[in-house]
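Data first, discussion second: the structure below is written as structure tokens.
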Amino acid sequence: MSEQYRIDQSTSRRNSGLGVVIREEITITNELGLHARPAAEFVRAAAAFRSQIWLLKGTERFSAASIIEVLTANLNRGDTATIEAEGPDAEEAVQRLAELTREFGKKDWGSLRPRSLDLQAEEDF
């Protein structure tokens with residue numbers, strides 16, 4: 001499994017101020033992609049920062065503050081996206097969120113299934 005990460009710092013003129021935009025490309029390594037549980041964790045982590053944070057996939061931009069938008073990004077295993085942030089803690093936000101997506105690939109999300117779901121599946125057969 002190869003992972004590529006790139007940090008890009010560039011200036012951007014938004015509204016009336018000059019801000020620094022921090023970007024880092026990520027590759028989704030989690031077997032199930034950025035599904036509901038990791039997406040919720042991603043949104044909670046993004047909410048801890050004061051910067052505006054987005055996920056970029058192709059030409060589309062999704063707010064990292066919205067679980068609906070993060071899920072709409074439809075990031076599957078092997079997909080690449082860019083985390084972009086602008087604000088006072090943008091660099092820290094991008095680094096933390098990129099690290100979090102790498103951690104998702106190491107978690108066994110299947111072990112978090114309620115036992116009752118496994119029992120129901122066994123009864124169906």
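In the structure tokens, chains take letters A, B, ... by order of appearance, with residues numbered from 1 within each chain and ligands from 1 in the order shown.
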
Write out as an mmCIF file with N, CA, C and O atoms, in the first residue's frame the residues lying within 8 Å of Ala85 of chain A, counting only C-alpha atoms and excluding same-chain residues fewer than 6 positions away.
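Saved file around21.cif follows:
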```
data_model
loop_
_atom_site.group_PDB
_atom_site.id
_atom_site.type_symbol
_atom_site.label_atom_id
_atom_site.label_comp_id
_atom_site.auth_asym_id
_atom_site.auth_seq_id
_atom_site.Cartn_x
_atom_site.Cartn_y
_atom_site.Cartn_z
ATOM 1 N N VAL A 21 -3.407 29.685 2.672
ATOM 2 C CA VAL A 21 -4.154 28.456 2.454
ATOM 3 C C VAL A 21 -3.163 27.306 2.529
ATOM 4 O O VAL A 21 -2.134 27.318 1.857
ATOM 5 N N ILE A 22 -3.492 26.322 3.353
ATOM 6 C CA ILE A 22 -2.650 25.140 3.502
ATOM 7 C C ILE A 22 -3.391 23.971 2.872
ATOM 8 O O ILE A 22 -4.579 23.786 3.116
ATOM 9 N N ARG A 23 -2.683 23.182 2.078
ATOM 10 C CA ARG A 23 -3.282 22.024 1.412
ATOM 11 C C ARG A 23 -2.395 20.804 1.607
ATOM 12 O O ARG A 23 -1.173 20.920 1.610
ATOM 13 N N SER A 51 -10.080 27.496 11.786
ATOM 14 C CA SER A 51 -9.948 27.703 10.340
ATOM 15 C C SER A 51 -11.133 27.121 9.587
ATOM 16 O O SER A 51 -11.819 26.227 10.078
ATOM 17 N N GLN A 52 -11.339 27.637 8.385
ATOM 18 C CA GLN A 52 -12.303 27.028 7.474
ATOM 19 C C GLN A 52 -11.584 25.884 6.778
ATOM 20 O O GLN A 52 -10.472 26.046 6.272
ATOM 21 N N ILE A 53 -12.233 24.717 6.763
ATOM 22 C CA ILE A 53 -11.577 23.517 6.244
ATOM 23 C C ILE A 53 -12.484 22.862 5.205
ATOM 24 O O ILE A 53 -13.690 22.748 5.412
ATOM 25 N N TRP A 54 -11.865 22.421 4.108
ATOM 26 C CA TRP A 54 -12.600 21.766 3.028
ATOM 27 C C TRP A 54 -11.900 20.488 2.613
ATOM 28 O O TRP A 54 -10.695 20.351 2.774
ATOM 29 N N GLU A 91 -2.481 25.319 9.333
ATOM 30 C CA GLU A 91 -1.426 24.318 9.190
ATOM 31 C C GLU A 91 -1.634 23.158 10.164
ATOM 32 O O GLU A 91 -1.550 21.988 9.790
ATOM 33 N N ALA A 93 -4.463 22.263 11.531
ATOM 34 C CA ALA A 93 -5.691 21.556 11.147
ATOM 35 C C ALA A 93 -5.420 20.559 10.030
ATOM 36 O O ALA A 93 -5.830 19.398 10.112
ATOM 37 N N VAL A 94 -4.728 20.992 9.001
ATOM 38 C CA VAL A 94 -4.448 20.115 7.861
ATOM 39 C C VAL A 94 -3.577 18.944 8.293
ATOM 40 O O VAL A 94 -3.842 17.794 7.931
#
```

Inset, instruction - Find the distance between atom CA of Glu31 of chain A and atom CA of Asp79 of chain A and write it in Å to one decimal. - result: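 Rounded to one decimal, the two atoms are 11.1 Å apart.
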
Legend entry - atom CA of Ile28 of chain A to atom CA of Glu86 of chain A, distance in Å rounded to a single decimal: 22.2 Å

Inset, instruction - Kindly give the distance, in Å, that separates atom CA of Ile67 of chain A and atom CA of Gly105 of chain A, rounded to a single decimal. - result: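 One can read the atom CA of Ile67 of chain A to atom CA of Gly105 of chain A distance as 19.1 Å.
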
Inset, instruction - Considering only C-alpha atoms, return as JSON, numbers by chain whatever protein or nucleic-acid residues lie within 10 Å of segment 56-61 of chain A, sequence-local ones (same chain, fewer than 4 positions apart) excluded. - result: {"A": [23, 25, 69, 70, 73, 74, 75, 79, 80, 81, 82, 83, 84]}

Inset, instruction - List every residue of segment 12-121 of chain A that DSSP, applied to the backbone of this structure, places in helix (DSSP H, G or I), and write the result as a PyMOL selection string. - result: chain A and resi 36-47+67-72+90-104+109-112+115-121

Those selected residues, please, written with N, CA and C atoms and delivered as a compact mmCIF listing (two decimals), in the first residue's frame.
```txt
# COMPACT_ATOMS: atom_id res chain seq x y z
N ALA A 36 -19.49 6.33 7.30
CA ALA A 36 -20.13 7.12 8.37
C ALA A 36 -19.28 7.32 9.62
N ARG A 37 -18.73 6.26 10.18
CA ARG A 37 -17.98 6.42 11.44
C ARG A 37 -16.72 7.26 11.28
N PRO A 38 -15.84 6.94 10.32
CA PRO A 38 -14.66 7.80 10.18
C PRO A 38 -15.02 9.21 9.71
N ALA A 39 -16.07 9.34 8.91
CA ALA A 39 -16.49 10.68 8.47
C ALA A 39 -16.94 11.51 9.66
N ALA A 40 -17.67 10.90 10.58
CA ALA A 40 -18.12 11.61 11.78
C ALA A 40 -16.93 12.01 12.64
N GLU A 41 -15.96 11.13 12.76
CA GLU A 41 -14.75 11.44 13.52
C GLU A 41 -13.96 12.57 12.85
N PHE A 42 -13.91 12.54 11.53
CA PHE A 42 -13.22 13.58 10.76
C PHE A 42 -13.89 14.94 10.99
N VAL A 43 -15.21 14.99 10.94
CA VAL A 43 -15.97 16.24 11.13
C VAL A 43 -15.78 16.76 12.56
N ARG A 44 -15.81 15.86 13.55
CA ARG A 44 -15.59 16.28 14.94
C ARG A 44 -14.19 16.89 15.10
N ALA A 45 -13.20 16.24 14.48
CA ALA A 45 -11.82 16.76 14.58
C ALA A 45 -11.71 18.12 13.89
N ALA A 46 -12.36 18.27 12.74
CA ALA A 46 -12.32 19.55 12.02
C ALA A 46 -12.96 20.67 12.83
N ALA A 47 -14.00 20.33 13.59
CA ALA A 47 -14.72 21.33 14.39
C ALA A 47 -13.86 21.91 15.52
N ILE A 67 -21.13 16.72 8.11
CA ILE A 67 -21.10 15.26 7.90
C ILE A 67 -21.74 14.91 6.56
N ILE A 68 -22.78 15.62 6.20
CA ILE A 68 -23.46 15.34 4.92
C ILE A 68 -22.51 15.61 3.75
N GLU A 69 -21.78 16.72 3.80
CA GLU A 69 -20.86 17.04 2.71
C GLU A 69 -19.68 16.06 2.66
N VAL A 70 -19.17 15.68 3.82
CA VAL A 70 -18.04 14.73 3.84
C VAL A 70 -18.49 13.39 3.26
N LEU A 71 -19.68 12.94 3.62
CA LEU A 71 -20.20 11.69 3.06
C LEU A 71 -20.49 11.83 1.57
N THR A 72 -20.97 13.00 1.16
CA THR A 72 -21.26 13.26 -0.26
C THR A 72 -19.99 13.21 -1.11
N ALA A 90 -4.63 26.89 10.39
CA ALA A 90 -4.78 26.08 9.18
C ALA A 90 -3.72 24.98 9.07
N GLU A 91 -2.48 25.32 9.33
CA GLU A 91 -1.43 24.32 9.19
C GLU A 91 -1.63 23.16 10.16
N GLU A 92 -1.95 23.48 11.41
CA GLU A 92 -2.20 22.45 12.42
C GLU A 92 -3.42 21.61 12.04
N ALA A 93 -4.46 22.26 11.53
CA ALA A 93 -5.69 21.56 11.15
C ALA A 93 -5.42 20.56 10.03
N VAL A 94 -4.73 20.99 9.00
CA VAL A 94 -4.45 20.12 7.86
C VAL A 94 -3.58 18.94 8.29
N GLN A 95 -2.56 19.22 9.09
CA GLN A 95 -1.68 18.14 9.55
C GLN A 95 -2.45 17.12 10.38
N ARG A 96 -3.30 17.60 11.30
CA ARG A 96 -4.05 16.69 12.16
C ARG A 96 -5.06 15.85 11.37
N LEU A 97 -5.78 16.49 10.45
CA LEU A 97 -6.79 15.77 9.67
C LEU A 97 -6.16 14.76 8.71
N ALA A 98 -5.01 15.12 8.13
CA ALA A 98 -4.30 14.17 7.26
C ALA A 98 -3.82 12.98 8.07
N GLU A 99 -3.30 13.25 9.25
CA GLU A 99 -2.85 12.17 10.14
C GLU A 99 -4.04 11.27 10.51
N LEU A 100 -5.17 11.88 10.79
CA LEU A 100 -6.36 11.13 11.15
C LEU A 100 -6.80 10.20 10.02
N THR A 101 -6.76 10.68 8.78
CA THR A 101 -7.15 9.82 7.65
C THR A 101 -6.17 8.65 7.48
N ARG A 102 -4.91 8.87 7.80
CA ARG A 102 -3.95 7.76 7.75
C ARG A 102 -4.27 6.74 8.85
N GLU A 103 -4.66 7.23 10.03
CA GLU A 103 -5.02 6.35 11.14
C GLU A 103 -6.25 5.51 10.80
N PHE A 104 -7.18 6.06 10.03
CA PHE A 104 -8.39 5.32 9.65
C PHE A 104 -8.03 4.04 8.91
N TRP A 109 -12.64 -1.10 11.52
CA TRP A 109 -13.99 -0.55 11.72
C TRP A 109 -15.02 -1.65 11.82
N GLY A 110 -14.76 -2.80 11.21
CA GLY A 110 -15.70 -3.92 11.28
C GLY A 110 -15.88 -4.43 12.70
N SER A 111 -14.84 -4.33 13.53
CA SER A 111 -14.93 -4.82 14.91
C SER A 111 -15.82 -3.91 15.75
N LEU A 112 -16.21 -2.76 15.20
CA LEU A 112 -17.08 -1.84 15.93
C LEU A 112 -18.55 -2.13 15.70
N ARG A 115 -22.76 -6.46 18.21
CA ARG A 115 -22.88 -7.91 18.18
C ARG A 115 -24.26 -8.34 17.69
N SER A 116 -25.29 -7.57 17.98
CA SER A 116 -26.65 -7.92 17.56
C SER A 116 -26.76 -8.02 16.04
N LEU A 117 -25.98 -7.21 15.31
CA LEU A 117 -26.00 -7.29 13.85
C LEU A 117 -25.42 -8.61 13.37
N ASP A 118 -24.35 -9.07 14.03
CA ASP A 118 -23.74 -10.34 13.66
C ASP A 118 -24.70 -11.49 13.95
N LEU A 119 -25.38 -11.44 15.07
CA LEU A 119 -26.33 -12.49 15.42
C LEU A 119 -27.48 -12.54 14.43
N GLN A 120 -27.99 -11.37 14.02
CA GLN A 120 -29.07 -11.31 13.06
C GLN A 120 -28.64 -11.90 11.72
N ALA A 121 -27.42 -11.59 11.30
CA ALA A 121 -26.91 -12.11 10.03
C ALA A 121 -26.82 -13.64 10.09
```

Among segment 9-74 of chain A, which ones does DSSP assign to strand (DSSP E) (computed from the backbone)? Answer as an mmCIF file with all heavy atoms, in the first residue's frame.
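As a result, selection_1.cif now contains:
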```cif
data_model
loop_
_atom_site.group_PDB
_atom_site.id
_atom_site.type_symbol
_atom_site.label_atom_id
_atom_site.label_comp_id
_atom_site.auth_asym_id
_atom_site.auth_seq_id
_atom_site.Cartn_x
_atom_site.Cartn_y
_atom_site.Cartn_z
ATOM 1 N N GLN A 9 1.661 25.241 0.509
ATOM 2 C CA GLN A 9 1.266 26.487 1.130
ATOM 3 C C GLN A 9 1.222 27.552 0.045
ATOM 4 O O GLN A 9 2.157 27.734 -0.695
ATOM 5 C CB GLN A 9 2.269 26.920 2.204
ATOM 6 C CG GLN A 9 2.324 25.987 3.379
ATOM 7 C CD GLN A 9 3.254 26.501 4.455
ATOM 8 O OE1 GLN A 9 3.713 27.624 4.407
ATOM 9 N NE2 GLN A 9 3.526 25.676 5.433
ATOM 10 N N SER A 10 0.090 28.241 -0.043
ATOM 11 C CA SER A 10 -0.022 29.304 -1.023
ATOM 12 C C SER A 10 -0.868 30.421 -0.446
ATOM 13 O O SER A 10 -1.620 30.227 0.485
ATOM 14 C CB SER A 10 -0.653 28.779 -2.319
ATOM 15 O OG SER A 10 -1.919 28.239 -2.060
ATOM 16 N N THR A 11 -0.716 31.577 -1.000
ATOM 17 C CA THR A 11 -1.512 32.695 -0.525
ATOM 18 C C THR A 11 -2.786 32.797 -1.332
ATOM 19 O O THR A 11 -2.844 32.423 -2.482
ATOM 20 C CB THR A 11 -0.728 34.027 -0.627
ATOM 21 O OG1 THR A 11 -0.325 34.191 -1.971
ATOM 22 C CG2 THR A 11 0.467 34.024 0.301
ATOM 23 N N SER A 12 -3.782 33.306 -0.689
ATOM 24 C CA SER A 12 -5.095 33.426 -1.317
ATOM 25 C C SER A 12 -5.747 34.715 -0.851
ATOM 26 O O SER A 12 -5.674 35.058 0.316
ATOM 27 C CB SER A 12 -5.957 32.225 -0.909
ATOM 28 O OG SER A 12 -7.282 32.438 -1.277
ATOM 29 N N ARG A 13 -6.367 35.414 -1.754
ATOM 30 C CA ARG A 13 -7.107 36.617 -1.380
ATOM 31 C C ARG A 13 -8.579 36.241 -1.332
ATOM 32 O O ARG A 13 -9.188 35.951 -2.330
ATOM 33 C CB ARG A 13 -6.896 37.725 -2.398
ATOM 34 C CG ARG A 13 -5.464 38.198 -2.459
ATOM 35 C CD ARG A 13 -5.359 39.425 -3.367
ATOM 36 N NE ARG A 13 -3.994 39.714 -3.695
ATOM 37 C CZ ARG A 13 -3.146 40.343 -2.888
ATOM 38 N NH1 ARG A 13 -3.525 40.709 -1.707
ATOM 39 N NH2 ARG A 13 -1.912 40.587 -3.275
ATOM 40 N N ARG A 14 -9.101 36.224 -0.124
ATOM 41 C CA ARG A 14 -10.515 35.927 0.072
ATOM 42 C C ARG A 14 -11.104 37.064 0.865
ATOM 43 O O ARG A 14 -10.504 37.557 1.809
ATOM 44 C CB ARG A 14 -10.696 34.630 0.845
ATOM 45 C CG ARG A 14 -10.257 33.436 0.037
ATOM 46 C CD ARG A 14 -11.256 32.318 0.188
ATOM 47 N NE ARG A 14 -10.951 31.281 -0.768
ATOM 48 C CZ ARG A 14 -10.366 30.138 -0.459
ATOM 49 N NH1 ARG A 14 -10.089 29.860 0.767
ATOM 50 N NH2 ARG A 14 -10.100 29.267 -1.404
ATOM 51 N N GLY A 17 -9.330 40.183 3.273
ATOM 52 C CA GLY A 17 -8.033 39.953 3.874
ATOM 53 C C GLY A 17 -7.173 39.021 3.067
ATOM 54 O O GLY A 17 -7.612 38.387 2.124
ATOM 55 N N LEU A 18 -5.918 38.977 3.449
ATOM 56 C CA LEU A 18 -4.970 38.072 2.826
ATOM 57 C C LEU A 18 -4.794 36.909 3.785
ATOM 58 O O LEU A 18 -4.499 37.097 4.949
ATOM 59 C CB LEU A 18 -3.638 38.789 2.599
ATOM 60 C CG LEU A 18 -2.516 37.977 1.998
ATOM 61 C CD1 LEU A 18 -2.865 37.606 0.567
ATOM 62 C CD2 LEU A 18 -1.231 38.763 2.021
ATOM 63 N N GLY A 19 -4.997 35.701 3.315
ATOM 64 C CA GLY A 19 -4.861 34.535 4.172
ATOM 65 C C GLY A 19 -3.940 33.519 3.555
ATOM 66 O O GLY A 19 -3.708 33.525 2.357
ATOM 67 N N VAL A 20 -3.422 32.652 4.376
ATOM 68 C CA VAL A 20 -2.586 31.573 3.894
ATOM 69 C C VAL A 20 -3.459 30.335 3.803
ATOM 70 O O VAL A 20 -4.178 29.994 4.738
ATOM 71 C CB VAL A 20 -1.390 31.330 4.836
ATOM 72 C CG1 VAL A 20 -0.591 30.115 4.394
ATOM 73 C CG2 VAL A 20 -0.502 32.548 4.893
ATOM 74 N N VAL A 21 -3.407 29.685 2.672
ATOM 75 C CA VAL A 21 -4.154 28.456 2.454
ATOM 76 C C VAL A 21 -3.163 27.306 2.529
ATOM 77 O O VAL A 21 -2.134 27.318 1.857
ATOM 78 C CB VAL A 21 -4.875 28.466 1.087
ATOM 79 C CG1 VAL A 21 -5.553 27.134 0.827
ATOM 80 C CG2 VAL A 21 -5.877 29.605 1.023
ATOM 81 N N ILE A 22 -3.492 26.322 3.353
ATOM 82 C CA ILE A 22 -2.650 25.140 3.502
ATOM 83 C C ILE A 22 -3.391 23.971 2.872
ATOM 84 O O ILE A 22 -4.579 23.786 3.116
ATOM 85 C CB ILE A 22 -2.355 24.838 4.989
ATOM 86 C CG1 ILE A 22 -1.779 26.056 5.710
ATOM 87 C CG2 ILE A 22 -1.447 23.620 5.128
ATOM 88 C CD1 ILE A 22 -0.427 26.497 5.219
ATOM 89 N N ARG A 23 -2.683 23.182 2.078
ATOM 90 C CA ARG A 23 -3.282 22.024 1.412
ATOM 91 C C ARG A 23 -2.395 20.804 1.607
ATOM 92 O O ARG A 23 -1.173 20.920 1.610
ATOM 93 C CB ARG A 23 -3.414 22.265 -0.090
ATOM 94 C CG ARG A 23 -4.351 23.349 -0.490
ATOM 95 C CD ARG A 23 -4.422 23.470 -2.018
ATOM 96 N NE ARG A 23 -5.227 24.603 -2.397
ATOM 97 C CZ ARG A 23 -4.766 25.814 -2.648
ATOM 98 N NH1 ARG A 23 -3.470 26.048 -2.563
ATOM 99 N NH2 ARG A 23 -5.585 26.779 -2.979
ATOM 100 N N GLU A 24 -3.052 19.659 1.729
ATOM 101 C CA GLU A 24 -2.308 18.397 1.760
ATOM 102 C C GLU A 24 -3.137 17.347 1.047
ATOM 103 O O GLU A 24 -4.316 17.175 1.332
ATOM 104 C CB GLU A 24 -2.009 17.958 3.186
ATOM 105 C CG GLU A 24 -1.163 16.685 3.219
ATOM 106 C CD GLU A 24 -0.569 16.370 4.577
ATOM 107 O OE1 GLU A 24 -0.450 17.287 5.400
ATOM 108 O OE2 GLU A 24 -0.222 15.219 4.794
ATOM 109 N N GLU A 25 -2.490 16.672 0.113
ATOM 110 C CA GLU A 25 -3.157 15.606 -0.618
ATOM 111 C C GLU A 25 -3.122 14.341 0.224
ATOM 112 O O GLU A 25 -2.099 14.009 0.832
ATOM 113 C CB GLU A 25 -2.456 15.357 -1.953
ATOM 114 C CG GLU A 25 -3.193 14.363 -2.819
ATOM 115 C CD GLU A 25 -2.545 14.216 -4.172
ATOM 116 O OE1 GLU A 25 -2.901 14.987 -5.077
ATOM 117 O OE2 GLU A 25 -1.668 13.331 -4.295
ATOM 118 N N ILE A 26 -4.252 13.633 0.265
ATOM 119 C CA ILE A 26 -4.348 12.394 1.023
ATOM 120 C C ILE A 26 -4.839 11.277 0.103
ATOM 121 O O ILE A 26 -5.482 11.546 -0.907
ATOM 122 C CB ILE A 26 -5.302 12.526 2.228
ATOM 123 C CG1 ILE A 26 -6.710 12.927 1.751
ATOM 124 C CG2 ILE A 26 -4.744 13.494 3.255
ATOM 125 C CD1 ILE A 26 -7.790 12.801 2.794
ATOM 126 N N THR A 27 -4.518 10.067 0.476
ATOM 127 C CA THR A 27 -5.054 8.882 -0.187
ATOM 128 C C THR A 27 -5.819 8.101 0.865
ATOM 129 O O THR A 27 -5.295 7.833 1.948
ATOM 130 C CB THR A 27 -3.937 8.019 -0.783
ATOM 131 O OG1 THR A 27 -3.215 8.808 -1.737
ATOM 132 C CG2 THR A 27 -4.495 6.780 -1.466
ATOM 133 N N GLN A 52 -11.339 27.637 8.385
ATOM 134 C CA GLN A 52 -12.303 27.028 7.474
ATOM 135 C C GLN A 52 -11.584 25.884 6.778
ATOM 136 O O GLN A 52 -10.472 26.046 6.272
ATOM 137 C CB GLN A 52 -12.774 28.054 6.450
ATOM 138 C CG GLN A 52 -13.600 29.158 7.055
ATOM 139 C CD GLN A 52 -14.076 30.130 5.987
ATOM 140 O OE1 GLN A 52 -13.813 29.967 4.804
ATOM 141 N NE2 GLN A 52 -14.782 31.162 6.420
ATOM 142 N N ILE A 53 -12.233 24.717 6.763
ATOM 143 C CA ILE A 53 -11.577 23.517 6.244
ATOM 144 C C ILE A 53 -12.484 22.862 5.205
ATOM 145 O O ILE A 53 -13.690 22.748 5.412
ATOM 146 C CB ILE A 53 -11.277 22.522 7.383
ATOM 147 C CG1 ILE A 53 -10.485 23.213 8.500
ATOM 148 C CG2 ILE A 53 -10.515 21.307 6.850
ATOM 149 C CD1 ILE A 53 -10.414 22.428 9.789
ATOM 150 N N TRP A 54 -11.865 22.421 4.108
ATOM 151 C CA TRP A 54 -12.600 21.766 3.028
ATOM 152 C C TRP A 54 -11.900 20.488 2.613
ATOM 153 O O TRP A 54 -10.695 20.351 2.774
ATOM 154 C CB TRP A 54 -12.695 22.665 1.798
ATOM 155 C CG TRP A 54 -13.357 23.969 2.048
ATOM 156 C CD1 TRP A 54 -14.701 24.233 1.982
ATOM 157 C CD2 TRP A 54 -12.731 25.192 2.411
ATOM 158 N NE1 TRP A 54 -14.925 25.561 2.297
ATOM 159 C CE2 TRP A 54 -13.739 26.171 2.565
ATOM 160 C CE3 TRP A 54 -11.411 25.560 2.648
ATOM 161 C CZ2 TRP A 54 -13.477 27.481 2.924
ATOM 162 C CZ3 TRP A 54 -11.140 26.866 3.007
ATOM 163 C CH2 TRP A 54 -12.168 27.807 3.137
ATOM 164 N N LEU A 55 -12.676 19.600 2.032
ATOM 165 C CA LEU A 55 -12.151 18.443 1.309
ATOM 166 C C LEU A 55 -12.355 18.742 -0.165
ATOM 167 O O LEU A 55 -13.450 19.137 -0.570
ATOM 168 C CB LEU A 55 -12.947 17.187 1.665
ATOM 169 C CG LEU A 55 -12.510 16.401 2.873
ATOM 170 C CD1 LEU A 55 -13.519 15.301 3.183
ATOM 171 C CD2 LEU A 55 -11.130 15.807 2.670
ATOM 172 N N LEU A 56 -11.323 18.567 -0.962
ATOM 173 C CA LEU A 56 -11.427 18.781 -2.401
ATOM 174 C C LEU A 56 -11.254 17.440 -3.097
ATOM 175 O O LEU A 56 -10.289 16.715 -2.836
ATOM 176 C CB LEU A 56 -10.346 19.744 -2.879
ATOM 177 C CG LEU A 56 -10.366 21.110 -2.178
ATOM 178 C CD1 LEU A 56 -8.973 21.672 -2.074
ATOM 179 C CD2 LEU A 56 -11.261 22.039 -2.920
ATOM 180 N N LYS A 57 -12.201 17.120 -3.957
ATOM 181 C CA LYS A 57 -12.123 15.889 -4.745
ATOM 182 C C LYS A 57 -12.425 16.276 -6.178
ATOM 183 O O LYS A 57 -13.538 16.693 -6.496
ATOM 184 C CB LYS A 57 -13.121 14.851 -4.254
ATOM 185 C CG LYS A 57 -13.058 13.541 -5.029
ATOM 186 C CD LYS A 57 -14.097 12.553 -4.523
ATOM 187 C CE LYS A 57 -14.090 11.292 -5.367
ATOM 188 N NZ LYS A 57 -15.202 10.408 -4.997
ATOM 189 N N GLU A 60 -14.674 19.378 -7.155
ATOM 190 C CA GLU A 60 -15.687 19.642 -6.135
ATOM 191 C C GLU A 60 -15.059 19.972 -4.788
ATOM 192 O O GLU A 60 -13.991 19.463 -4.447
ATOM 193 C CB GLU A 60 -16.610 18.437 -5.980
ATOM 194 C CG GLU A 60 -17.407 18.130 -7.240
ATOM 195 C CD GLU A 60 -18.293 16.927 -7.051
ATOM 196 O OE1 GLU A 60 -17.757 15.805 -7.079
ATOM 197 O OE2 GLU A 60 -19.508 17.121 -6.852
ATOM 198 N N ARG A 61 -15.763 20.814 -4.017
ATOM 199 C CA ARG A 61 -15.308 21.255 -2.700
ATOM 200 C C ARG A 61 -16.399 20.909 -1.686
ATOM 201 O O ARG A 61 -17.559 21.224 -1.880
ATOM 202 C CB ARG A 61 -15.065 22.759 -2.737
ATOM 203 C CG ARG A 61 -14.712 23.384 -1.417
ATOM 204 C CD ARG A 61 -14.594 24.898 -1.570
ATOM 205 N NE ARG A 61 -13.475 25.238 -2.414
ATOM 206 C CZ ARG A 61 -12.316 25.687 -1.947
ATOM 207 N NH1 ARG A 61 -12.145 25.893 -0.675
ATOM 208 N NH2 ARG A 61 -11.342 25.957 -2.785
ATOM 209 N N PHE A 62 -15.989 20.266 -0.580
ATOM 210 C CA PHE A 62 -16.922 19.840 0.452
ATOM 211 C C PHE A 62 -16.473 20.392 1.803
ATOM 212 O O PHE A 62 -15.304 20.281 2.158
ATOM 213 C CB PHE A 62 -16.967 18.310 0.528
ATOM 214 C CG PHE A 62 -17.298 17.664 -0.783
ATOM 215 C CD1 PHE A 62 -16.292 17.272 -1.658
ATOM 216 C CD2 PHE A 62 -18.613 17.461 -1.153
ATOM 217 C CE1 PHE A 62 -16.594 16.680 -2.873
ATOM 218 C CE2 PHE A 62 -18.927 16.864 -2.366
ATOM 219 C CZ PHE A 62 -17.913 16.478 -3.231
ATOM 220 N N SER A 63 -17.401 20.944 2.557
ATOM 221 C CA SER A 63 -17.083 21.489 3.871
ATOM 222 C C SER A 63 -16.753 20.360 4.841
ATOM 223 O O SER A 63 -17.536 19.422 5.007
ATOM 224 C CB SER A 63 -18.266 22.294 4.419
ATOM 225 O OG SER A 63 -18.015 22.650 5.773
#
```
